[in-house]
Amino acid sequence: MTLTRTIAEFTSSLPISTVPERILERAKVTLFHNLMVALAGTPGSDATLALAATSAGGGPARILADGTRVDPETAALVNAALVHARTQDDVHFPSQTHAGSVTIPAILALGEERGASGVDVLVAMIAGYEALAAVGADIAPRSTARGLRATALYGPIASAFACARLLELDATTTAHAAGLAAGTSAGTSQTWVASTPEWRVQPGIAARHGMLCARLAMHGAAAAPDALEGAAGFYAAFTGEPRTGDPGRLGVRWALDEVSYKPYPVCAINQVPVVTLLDVLAERPEIEPPSIDSMRLSLHPDEYSYPGTDAIGPFTDVGGTLMSAQFCLAAAATFRTVAARHLLAFDDAALMELTRRVEVVPNPDLAPQTCALEVRLVDGEILSAHGQPNDEVFRFGREGALALAGRIAGDEALGDPRPLADAVFDLEHTSVEALVDAVLGVHGID
C-alpha cells in the first residue's frame with residue numbers, strides 16, 4: 001500500500017472515541033493557543049487583509065481579524081497568515097513545521113461553509129497533524145538543507161488530509177487529495193536570508209492549496225498513488241532520494257504529543273536561548289546592556305545552519321530579527337523580554353551594536369532544542385548556562401495557555417480571552433460557527 005493510501009486509511013476512518021483523552025486536550029490547548037496568536041497577529045498582515053477586503057461578498061467563512069465574510073479559500077489563506085504573523089504559532093520540531101497555521105484555518109473555513117460541529121474540527125485537526133508527522137517527521141531536515149521551507153513544503157499535504165477529513169472523503173479520494181498536494185507543493189527559505197516578508201503568507205498559501213486539492217479530489221481529480229515515495233516523487237525531488245515516510249507512527253506516536261508552544265514571538269530555534277538568557281539576567285538584575293561585553297551562543301548544527309539564525313543585519317523586516325539569534329538575545333538583554341514591538345527596533349543603535357557582539361556557533365555535542373550560553377561582562381566575569389526545553393514553559397497545558405493568552409491580550413490591547421477558552425475547551429458541545437463567534441468576541445465584534 002502506498003504512503004498516501006496508508007495515511008488516508010487512518011485519517012478517513014479515525015473515530016474520536018479512539019483518540020486518547022490527553023490528545024484531545026492537547027488539540028484544544030493547541031487550537032486555543034493558535035487562535036490567540038491569530039488575534040494578536042494583524043501587524044504586518046496588510047496585504048492579506050486587503051485581499052480579504054477585495055474578496056468580500058457575503059461568503060460563508062469569516063476573517064478572524066474583523067469578521068469579513070469571504071469564500072473559504074480566501075479565509076484559509078488570510079487566517080493562516082494571521083496565525084503565523086507573530087511566528088508564535090505552535091511548532092512540530094520533528095517535521096520543522098507550524099502544523100496549526102496550515103491546518104486550523106482551512107478546517108475552520110470549510111467548517112463554516114458546511115456547518116460543521118466542534119467534534120468535526122477536532123478530528124480533522126488531529127488527522128492533519130498525524131498526516132504531517134507521518135510524511136515529514138525526521139525527514140524535513142533533509143529538505144531544509146536544500147533551501148526548502150518545511151511549512152510551505154509539507155503544509156499543503158497536511159491541509160489536504162485535514163480538509164479531506166472534514167469533507168468526509170473516503171480513503172481513495174483522500175489519497176488523491178494528498179497526492180495532488182504532494183505533486184504541487186513548494187516554498188523556499190530565502191525569505192529568512194533576505195529579511196523579506198513572504199514568510200507570512202507561505203502557511204496561508206499552503207492551507208489554501210491543501211483545501212483546493214481536497215476539493216479537486218472530491219470532484220474526481222486523481223493523482224499518482226506513489227506521489228510521495230515514487231522514483232520521481234515528492235521525496236526524491238525534495239530530499240534527493242526516495243523515502244517511505246513513517247506510517248507506523250500513526251495513532252501510536254501522536255504528533256500532538258510532540259507539539260511545542262512559543263512563549264515569545266520569535267523563531268522556535270531562539271526560544272530556548274531567549275528563556276535561558278532571561279533566567280540568567282533574573283538572577284543578576286543589576287546587569288544592564290552596557291555591562292555586557294559579548295555573548296556566545298552554541299546550538300546544534302542543524303539549528304545553527306537554519307537560514308537566518310546566524311545573522312547580524314542590517315534588517316528591514318521582522319522576519320530577519322525574529323530569526324536572528326543575535327538580535328533576539330540582544331533584545332532580551334535590553335528589554336528583559338521580547339515582545340512583537342521589539343522586533344521592529346531595526347534602527348536602535350545601541351540594540352544593533354549589542355547584536356553585533358553576539359557570536360553564534362555550532363556544537364555537535366548539543367542535542368536539538370538545547371543551547372549553551374556564555375555572557376562575558378566588561379569586568380571579565382563570565383556567566384554560563386545550559387538551556388533546554390521544559391514542559392512548563394514550552395509544552396504547557398490549559399492553565400499555561402490561559403496565562404500566555406492573558407499576557408498576549410494585555411500586550412496587544414485585546415479583550416478578555418476567557419470566553420474563547422470556554423468555547424474551545426467545550427468544543428465537543430459547540431459548532432464551528434459558535435467558535436468563530438467567540439474568536440471575534442475577543443475583538444469586541446458581535
# chains A, B, ... in the order shown; residues from 1 in each chain; ligands from 1
call {"tool": "closest_atom_pairs", "arguments": {"of": "region 40-126 of chain A", "to": "region 161-168 of chain A", "cutoff": "7 Å", "atoms": "only C-alpha atoms", "output": "JSON lines"}}
result
{"residue": "A:Thr103", "atom": "CA", "partner": "A:Ala162", "partner_atom": "CA", "distance": 6.4}
{"residue": "A:Ala106", "atom": "CA", "partner": "A:Cys163", "partner_atom": "CA", "distance": 6.8}
{"residue": "A:Ile107", "atom": "CA", "partner": "A:Cys163", "partner_atom": "CA", "distance": 6.0}
{"residue": "A:Asp120", "atom": "CA", "partner": "A:Leu166", "partner_atom": "CA", "distance": 6.3}
{"residue": "A:Ala124", "atom": "CA", "partner": "A:Ala162", "partner_atom": "CA", "distance": 4.8}
{"residue": "A:Met125", "atom": "CA", "partner": "A:Ala162", "partner_atom": "CA", "distance": 6.0}
call {"tool": "select_by_dssp", "arguments": {"residues": "region 198-291 of chain A", "states": "alpha helix (DSSP H)", "output": "PyMOL selection string"}}
result
chain A and resi 202-218+234-239+268-283
call {"tool": "write_last_selection", "arguments": {"atoms": "N, CA and C atoms", "output": "tab-separated table (two decimals), in the first residue's frame"}}
result
chain	number	residue	atom	x	y	z
A	202	GLN	N	3.35	32.21	3.34
A	202	GLN	CA	3.61	30.83	2.95
A	202	GLN	C	2.65	29.83	3.61
A	203	PRO	N	2.41	29.93	4.93
A	203	PRO	CA	1.43	29.00	5.52
A	203	PRO	C	0.02	29.19	4.96
A	204	GLY	N	-0.34	30.44	4.63
A	204	GLY	CA	-1.66	30.69	4.06
A	204	GLY	C	-1.83	30.06	2.70
A	205	ILE	N	-0.80	30.18	1.88
A	205	ILE	CA	-0.85	29.55	0.56
A	205	ILE	C	-0.92	28.03	0.72
A	206	ALA	N	-0.17	27.50	1.69
A	206	ALA	CA	-0.20	26.05	1.94
A	206	ALA	C	-1.58	25.59	2.39
A	207	ALA	N	-2.19	26.34	3.32
A	207	ALA	CA	-3.52	25.97	3.82
A	207	ALA	C	-4.55	26.00	2.70
A	208	ARG	N	-4.52	27.08	1.91
A	208	ARG	CA	-5.48	27.20	0.80
A	208	ARG	C	-5.24	26.12	-0.25
A	209	HIS	N	-3.98	25.83	-0.53
A	209	HIS	CA	-3.65	24.86	-1.57
A	209	HIS	C	-4.13	23.46	-1.18
A	210	GLY	N	-3.94	23.10	0.08
A	210	GLY	CA	-4.43	21.80	0.53
A	210	GLY	C	-5.93	21.68	0.41
A	211	MET	N	-6.64	22.77	0.75
A	211	MET	CA	-8.10	22.79	0.60
A	211	MET	C	-8.49	22.61	-0.86
A	212	LEU	N	-7.80	23.31	-1.75
A	212	LEU	CA	-8.09	23.20	-3.17
A	212	LEU	C	-7.89	21.76	-3.66
A	213	CYS	N	-6.82	21.13	-3.21
A	213	CYS	CA	-6.56	19.75	-3.63
A	213	CYS	C	-7.65	18.80	-3.13
A	214	ALA	N	-8.13	19.02	-1.90
A	214	ALA	CA	-9.22	18.19	-1.38
A	214	ALA	C	-10.49	18.39	-2.19
A	215	ARG	N	-10.78	19.64	-2.54
A	215	ARG	CA	-11.98	19.92	-3.35
A	215	ARG	C	-11.85	19.30	-4.73
A	216	LEU	N	-10.66	19.38	-5.34
A	216	LEU	CA	-10.46	18.79	-6.65
A	216	LEU	C	-10.66	17.28	-6.61
A	217	ALA	N	-10.09	16.66	-5.58
A	217	ALA	CA	-10.25	15.21	-5.45
A	217	ALA	C	-11.71	14.84	-5.26
A	218	MET	N	-12.43	15.64	-4.48
A	218	MET	CA	-13.85	15.39	-4.25
A	218	MET	C	-14.63	15.39	-5.57
A	234	PHE	N	7.74	13.14	-4.56
A	234	PHE	CA	7.99	14.23	-3.61
A	234	PHE	C	9.33	14.07	-2.89
A	235	TYR	N	9.56	12.91	-2.28
A	235	TYR	CA	10.80	12.73	-1.51
A	235	TYR	C	12.02	12.78	-2.41
A	236	ALA	N	11.96	12.12	-3.56
A	236	ALA	CA	13.12	12.12	-4.46
A	236	ALA	C	13.44	13.54	-4.92
A	237	ALA	N	12.41	14.31	-5.23
A	237	ALA	CA	12.63	15.67	-5.73
A	237	ALA	C	13.15	16.60	-4.65
A	238	PHE	N	12.60	16.49	-3.43
A	238	PHE	CA	12.88	17.49	-2.42
A	238	PHE	C	13.91	17.08	-1.37
A	239	THR	N	14.23	15.79	-1.27
A	239	THR	CA	15.27	15.36	-0.33
A	239	THR	C	16.44	14.69	-1.04
A	268	ALA	N	11.33	29.41	16.59
A	268	ALA	CA	11.38	28.31	17.55
A	268	ALA	C	12.80	28.02	18.01
A	269	ILE	N	13.77	28.16	17.12
A	269	ILE	CA	15.16	27.91	17.47
A	269	ILE	C	15.65	28.87	18.55
A	270	ASN	N	15.10	30.08	18.57
A	270	ASN	CA	15.56	31.10	19.51
A	270	ASN	C	14.80	31.11	20.83
A	271	GLN	N	13.79	30.26	20.97
A	271	GLN	CA	13.00	30.26	22.20
A	271	GLN	C	13.84	29.87	23.42
A	272	VAL	N	14.52	28.73	23.34
A	272	VAL	CA	15.32	28.27	24.49
A	272	VAL	C	16.46	29.25	24.79
A	273	PRO	N	17.20	29.75	23.79
A	273	PRO	CA	18.23	30.75	24.11
A	273	PRO	C	17.68	31.99	24.80
A	274	VAL	N	16.53	32.51	24.35
A	274	VAL	CA	15.96	33.69	24.99
A	274	VAL	C	15.56	33.39	26.43
A	275	VAL	N	14.89	32.27	26.66
A	275	VAL	CA	14.49	31.91	28.02
A	275	VAL	C	15.72	31.71	28.90
A	276	THR	N	16.76	31.09	28.35
A	276	THR	CA	17.99	30.85	29.11
A	276	THR	C	18.64	32.16	29.53
A	277	LEU	N	18.74	33.10	28.60
A	277	LEU	CA	19.33	34.40	28.94
A	277	LEU	C	18.48	35.14	29.96
A	278	LEU	N	17.17	35.12	29.79
A	278	LEU	CA	16.31	35.82	30.75
A	278	LEU	C	16.43	35.22	32.14
A	279	ASP	N	16.61	33.90	32.23
A	279	ASP	CA	16.83	33.26	33.53
A	279	ASP	C	18.13	33.73	34.16
A	280	VAL	N	19.19	33.84	33.35
A	280	VAL	CA	20.48	34.34	33.84
A	280	VAL	C	20.34	35.76	34.37
A	281	LEU	N	19.68	36.60	33.60
A	281	LEU	CA	19.54	38.01	33.99
A	281	LEU	C	18.61	38.18	35.18
A	282	ALA	N	17.64	37.27	35.34
A	282	ALA	CA	16.75	37.35	36.50
A	282	ALA	C	17.53	37.14	37.80
A	283	GLU	N	18.58	36.35	37.73
A	283	GLU	CA	19.41	36.12	38.91
A	283	GLU	C	20.41	37.25	39.14
call {"tool": "atom_distance", "arguments": {"atom1": "CA of Asp226 (chain A)", "atom2": "CA of Thr173 (chain A)"}}
result
14.1 Å
call {"tool": "residues_around", "arguments": {"residues": "region 6-21 of chain A", "least_positions_apart": "5", "cutoff": "6 Å", "atoms": "only C-alpha atoms", "output": "JSON, numbers by chain"}}
result
{"A": [127, 165, 170, 171, 174, 175]}
call {"tool": "write_last_selection", "arguments": {"atoms": "N, CA and C atoms", "output": "PDB file, in the first residue's frame"}}
result
ATOM      1  N   ALA A 127      -6.283  14.601  12.460  1.00  0.00           N
ATOM      2  CA  ALA A 127      -5.918  13.908  11.225  1.00  0.00           C
ATOM      3  C   ALA A 127      -4.821  14.656  10.482  1.00  0.00           C
ATOM      4  N   ARG A 165     -10.717  15.088   5.564  1.00  0.00           N
ATOM      5  CA  ARG A 165     -11.462  14.515   6.688  1.00  0.00           C
ATOM      6  C   ARG A 165     -12.712  15.342   6.980  1.00  0.00           C
ATOM      7  N   ASP A 170     -13.708   9.528   1.322  1.00  0.00           N
ATOM      8  CA  ASP A 170     -13.253   8.172   1.632  1.00  0.00           C
ATOM      9  C   ASP A 170     -11.745   8.073   1.427  1.00  0.00           C
ATOM     10  N   ALA A 171     -11.174   6.919   1.748  1.00  0.00           N
ATOM     11  CA  ALA A 171      -9.721   6.764   1.730  1.00  0.00           C
ATOM     12  C   ALA A 171      -9.144   6.958   0.334  1.00  0.00           C
ATOM     13  N   THR A 174      -9.284  10.672  -0.470  1.00  0.00           N
ATOM     14  CA  THR A 174      -8.330  11.368   0.399  1.00  0.00           C
ATOM     15  C   THR A 174      -6.908  11.180  -0.104  1.00  0.00           C
ATOM     16  N   ALA A 175      -6.564   9.966  -0.517  1.00  0.00           N
ATOM     17  CA  ALA A 175      -5.222   9.703  -1.046  1.00  0.00           C
ATOM     18  C   ALA A 175      -4.961  10.527  -2.296  1.00  0.00           C
TER      19      ALA A 175
END
call {"tool": "residues_around", "arguments": {"residues": "Thr97 (chain A)", "least_positions_apart": "2", "cutoff": "6 Å", "atoms": "only C-alpha atoms", "output": "short mmCIF file (atom, residue, chain, number, x, y, z; two decimals) with N, CA and C atoms, in the first residue's frame"}}
result
data_model
loop_
_atom_site.label_atom_id
_atom_site.label_comp_id
_atom_site.auth_asym_id
_atom_site.auth_seq_id
_atom_site.Cartn_x
_atom_site.Cartn_y
_atom_site.Cartn_z
N VAL A 91 4.74 24.72 17.06
CA VAL A 91 5.76 24.15 16.20
C VAL A 91 5.88 22.65 16.46
N HIS A 92 5.99 21.88 15.39
CA HIS A 92 6.24 20.45 15.47
C HIS A 92 7.69 20.23 15.04
N SER A 95 9.10 17.62 12.30
CA SER A 95 8.89 17.94 10.89
C SER A 95 9.26 19.38 10.56
N ALA A 99 2.34 23.30 12.24
CA ALA A 99 1.20 22.49 11.82
C ALA A 99 -0.12 23.23 11.97
N ALA A 150 10.02 23.95 5.34
CA ALA A 150 9.20 22.77 5.62
C ALA A 150 7.71 23.09 5.72
N THR A 151 7.35 24.20 6.35
CA THR A 151 5.93 24.53 6.49
C THR A 151 5.28 24.73 5.13
#
call {"tool": "closest_atom_pairs", "arguments": {"of": "region 337-393 of chain A", "to": "region 36-41 of chain A", "cutoff": "12 Å", "atoms": "only C-alpha atoms", "output": "JSON lines"}}
result
{"residue": "A:Ala339", "atom": "CA", "partner": "A:Ala40", "partner_atom": "CA", "distance": 11.4}
{"residue": "A:Ala340", "atom": "CA", "partner": "A:Gly41", "partner_atom": "CA", "distance": 9.4}
{"residue": "A:Arg341", "atom": "CA", "partner": "A:Ala40", "partner_atom": "CA", "distance": 11.7}
call {"tool": "select_by_dssp", "arguments": {"residues": "region 10-167 of chain A", "states": "strand (DSSP E)", "output": "count of residues only"}}
result
6
call {"tool": "atom_distance", "arguments": {"atom1": "CA of Pro265 (chain A)", "atom2": "CA of Arg336 (chain A)"}}
result
14.0 Å
call {"tool": "residues_around", "arguments": {"residues": "Gly313 (chain A)", "least_positions_apart": "5", "cutoff": "9 Å", "atoms": "only C-alpha atoms", "output": "PDB file with N, CA and C atoms, in the first residue's frame"}}
result
ATOM      1  N   SER A 195      15.520  38.697   4.563  1.00  0.00           N
ATOM      2  CA  SER A 195      14.755  39.521   5.507  1.00  0.00           C
ATOM      3  C   SER A 195      13.587  40.201   4.807  1.00  0.00           C
ATOM      4  N   GLY A 320      13.586  39.030   9.593  1.00  0.00           N
ATOM      5  CA  GLY A 320      15.018  38.945   9.849  1.00  0.00           C
ATOM      6  C   GLY A 320      15.335  38.948  11.326  1.00  0.00           C
ATOM      7  N   THR A 321      14.678  39.816  12.104  1.00  0.00           N
ATOM      8  CA  THR A 321      15.011  39.926  13.514  1.00  0.00           C
ATOM      9  C   THR A 321      14.522  38.739  14.331  1.00  0.00           C
ATOM     10  N   SER A 324      17.025  35.918  13.735  1.00  0.00           N
ATOM     11  CA  SER A 324      18.403  36.143  14.164  1.00  0.00           C
ATOM     12  C   SER A 324      18.590  35.843  15.644  1.00  0.00           C
ATOM     13  N   PHE A 327      20.092  38.988  17.329  1.00  0.00           N
ATOM     14  CA  PHE A 327      19.155  40.068  17.631  1.00  0.00           C
ATOM     15  C   PHE A 327      18.241  39.684  18.788  1.00  0.00           C
ATOM     16  N   PHE A 346      14.782  48.105  14.303  1.00  0.00           N
ATOM     17  CA  PHE A 346      15.911  47.976  13.378  1.00  0.00           C
ATOM     18  C   PHE A 346      16.916  49.111  13.536  1.00  0.00           C
ATOM     19  N   MET A 352      21.436  47.353  18.078  1.00  0.00           N
ATOM     20  CA  MET A 352      22.157  46.752  16.963  1.00  0.00           C
ATOM     21  C   MET A 352      23.640  46.584  17.286  1.00  0.00           C
ATOM     22  N   THR A 355      23.779  43.522  19.272  1.00  0.00           N
ATOM     23  CA  THR A 355      23.555  42.393  18.363  1.00  0.00           C
ATOM     24  C   THR A 355      24.861  41.934  17.735  1.00  0.00           C
ATOM     25  N   ARG A 356      25.701  42.891  17.338  1.00  0.00           N
ATOM     26  CA  ARG A 356      26.973  42.561  16.684  1.00  0.00           C
ATOM     27  C   ARG A 356      27.990  41.964  17.641  1.00  0.00           C
TER      28      ARG A 356
END
call {"tool": "closest_residue", "arguments": {"among": "A:Leu24, A:Leu366, A:Ala255, A:Ala231", "to": "Val119 (chain A)", "atoms": "only C-alpha atoms"}}
result
A:Leu24
call {"tool": "decode", "arguments": {"residues": "region 180-194 of chain A", "atoms": "C-alpha atoms", "output": "PDB file, in the first residue's frame"}}
result
ATOM      1  CA  LEU A 180      -2.299  16.291  -5.661  1.00  0.00           C
ATOM      2  CA  ALA A 181      -0.826  18.348  -2.818  1.00  0.00           C
ATOM      3  CA  ALA A 182       2.437  16.400  -2.874  1.00  0.00           C
ATOM      4  CA  GLY A 183       2.778  16.926  -6.605  1.00  0.00           C
ATOM      5  CA  THR A 184       2.258  20.682  -6.400  1.00  0.00           C
ATOM      6  CA  SER A 185       3.878  21.791  -3.099  1.00  0.00           C
ATOM      7  CA  ALA A 186       6.704  24.319  -2.930  1.00  0.00           C
ATOM      8  CA  GLY A 187       8.351  27.011  -0.836  1.00  0.00           C
ATOM      9  CA  THR A 188      11.887  28.184  -0.068  1.00  0.00           C
ATOM     10  CA  SER A 189      13.663  29.695   2.937  1.00  0.00           C
ATOM     11  CA  GLN A 190      15.244  32.616   1.106  1.00  0.00           C
ATOM     12  CA  THR A 191      12.759  34.864   2.913  1.00  0.00           C
ATOM     13  CA  TRP A 192      14.843  34.475   6.102  1.00  0.00           C
ATOM     14  CA  VAL A 193      18.121  35.205   4.334  1.00  0.00           C
ATOM     15  CA  ALA A 194      16.775  38.250   2.508  1.00  0.00           C
TER      16      ALA A 194
END
